[in-house]
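*Asks:* Before we start, here is the structure in question, set down as C-alpha cells.
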Amino acid sequence: MVLNQASLKRDGVKDYVSLRATAIILTLYTLFILGFFLVTPEVTYDVWKALFSGLLMKAFTLLTLACIAVHTKIGLWQVLTDYVKNAALRGVLQFLLYTLAFGYVAVGLFVLWGV
Amino acid sequence: MFFALVFVIWAWAVSLSSPEGFEQVKLVLQSFIAKFIAWGTITVLLYHMIGGIRHLIMDMGHWEELKSGNLSAVITIVLWIVLAVLTGVWLWF
C-alpha cells in the first residue's frame, strides 16, 4: 500500500479526526459564547464590541469560522454522498455549499478586521 | 443549520459595524419570526451537539449494546427537549 502523505487529498482517517477535532473547538466556542450571554447582564454595543476587539477573541473567532468550514465540508460531503447519487448534481451542490462555507470565513475575517 | 449561519453572520456583522447597526439588529430580534429563527437555529445546534458528544463517547467503545445504545439515545432526546424549552423561555421571557 503506498502511503501518499504528500498529497492534499483527504482519506478516511483525516476526515474522521478532523471532524471530531473541529467539533471540539466548535463546542468550546459555543459554550464560551453561551457563558458570555449568561454572565453579561445587559449586552450593549460597547460590551459587544469590546468582546470582539481583543486579539485573542479575534483569533478564536477566526479559528472557529475555519473549523466550521472544515466541519461543514466533511459533514456535507458525507451527507451528499449518502443521499445525492447523481454525480453531476452532487458536484454542483458541493461547489455551491463549499463556496458558501468559504464565504462565511471571508466575511468573518473582514468583520473581525474592522472591529 | 448551515443556511441559518447566513442570519447569524449577518446579525453579527451588522451588530458589530456601528451603534446604529447594533440597534437595528436589536430591533429586528424583537420580532417573533426572528426569535423563532434564532430558537430554531439554537435548538438544532443543541441537538447536533448532544448527538455529537454521544457519538464521541460511542467512538470510545461505550453504549454499543442494544440496551445502552437505546438508553443513551432516549437520554439525548430528553435532554434536547429540556434545553429547547429552556432556550424558548430565555428568548421569549
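Ordered as shown in the C-alpha cells, chains take letters A, B, and onward, while each chain numbers its residues from 1 and ligands are numbered from 1 in the order shown.
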Distance limit 12 Å, atoms considered: only C-alpha atoms. Which chain B residues sit that close to chain A? Return them as a compact mmCIF listing (two decimals) with C-alpha atoms, in the first residue's frame.

*Replies:*
# COMPACT_ATOMS: atom_id res chain seq x y z
CA MET B 1 -28.16 24.90 10.31
CA PHE B 2 -25.61 25.63 7.62
CA PHE B 3 -28.02 28.04 5.92
CA ALA B 4 -29.08 29.53 9.25
CA LEU B 5 -25.49 30.73 9.53
CA VAL B 6 -26.40 33.36 6.92
CA PHE B 7 -28.66 35.05 9.51
CA VAL B 8 -26.17 34.55 12.33
CA ILE B 9 -23.26 36.09 10.42
CA TRP B 10 -25.47 38.91 9.08
CA ALA B 11 -26.61 39.80 12.61
CA TRP B 12 -23.08 39.51 13.95
CA ALA B 13 -21.54 41.64 11.20
CA VAL B 14 -24.19 44.38 11.35
CA SER B 15 -24.28 44.47 15.15
CA LEU B 16 -20.51 44.99 15.26
CA SER B 17 -20.37 47.56 12.46
CA SER B 18 -21.79 50.55 14.35
CA PRO B 19 -24.07 51.55 17.24
CA GLU B 20 -26.85 52.11 14.72
CA GLY B 21 -26.22 48.64 13.30
CA PHE B 22 -26.40 47.20 16.79
CA GLU B 23 -29.74 48.93 17.40
CA GLN B 24 -31.02 47.70 14.05
CA VAL B 25 -30.20 44.07 14.90
CA LYS B 26 -31.69 44.53 18.37
CA ILE B 42 -30.09 27.18 18.62
CA LEU B 45 -27.44 23.17 17.15
CA LEU B 46 -28.18 21.78 20.62
CA HIS B 48 -26.39 18.33 16.85
CA MET B 49 -24.04 18.95 19.78
CA ILE B 50 -25.66 16.49 22.20
CA GLY B 51 -25.79 13.85 19.49
CA GLY B 52 -22.19 14.62 18.57
CA ILE B 53 -20.98 14.28 22.14
CA ARG B 54 -22.88 10.98 22.35
CA HIS B 55 -21.05 9.88 19.18
CA LEU B 56 -17.68 10.84 20.65
CA ILE B 57 -18.46 8.67 23.68
CA ASP B 59 -16.33 6.15 19.49
CA THR B 87 -33.97 28.25 25.10
CA TRP B 90 -34.73 32.53 27.56
CA LEU B 91 -35.66 34.05 24.21

*Asks:* Determine which residues of chain A DSSP labels as helix (DSSP H, G or I) from the backbone of this structure, then write them out as a PyMOL selection string.

*Replies:* chain A and resi 12-39+45-51+55-83+87-114

*Asks:* Would you mind reading off the distance between atom CA of Thr64 of chain A and atom CA of Thr22 of chain A, one decimal, in Å?

*Replies:*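 Computing the Euclidean distance for atom CA of Thr64 of chain A and atom CA of Thr22 of chain A yields 8.1 Å.
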
*Asks:* Quick one: distance from atom CA of Leu79 of chain B to atom CA of Thr43 of chain B in Å, one decimal?

*Replies:*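 The value is 11.3 Å.
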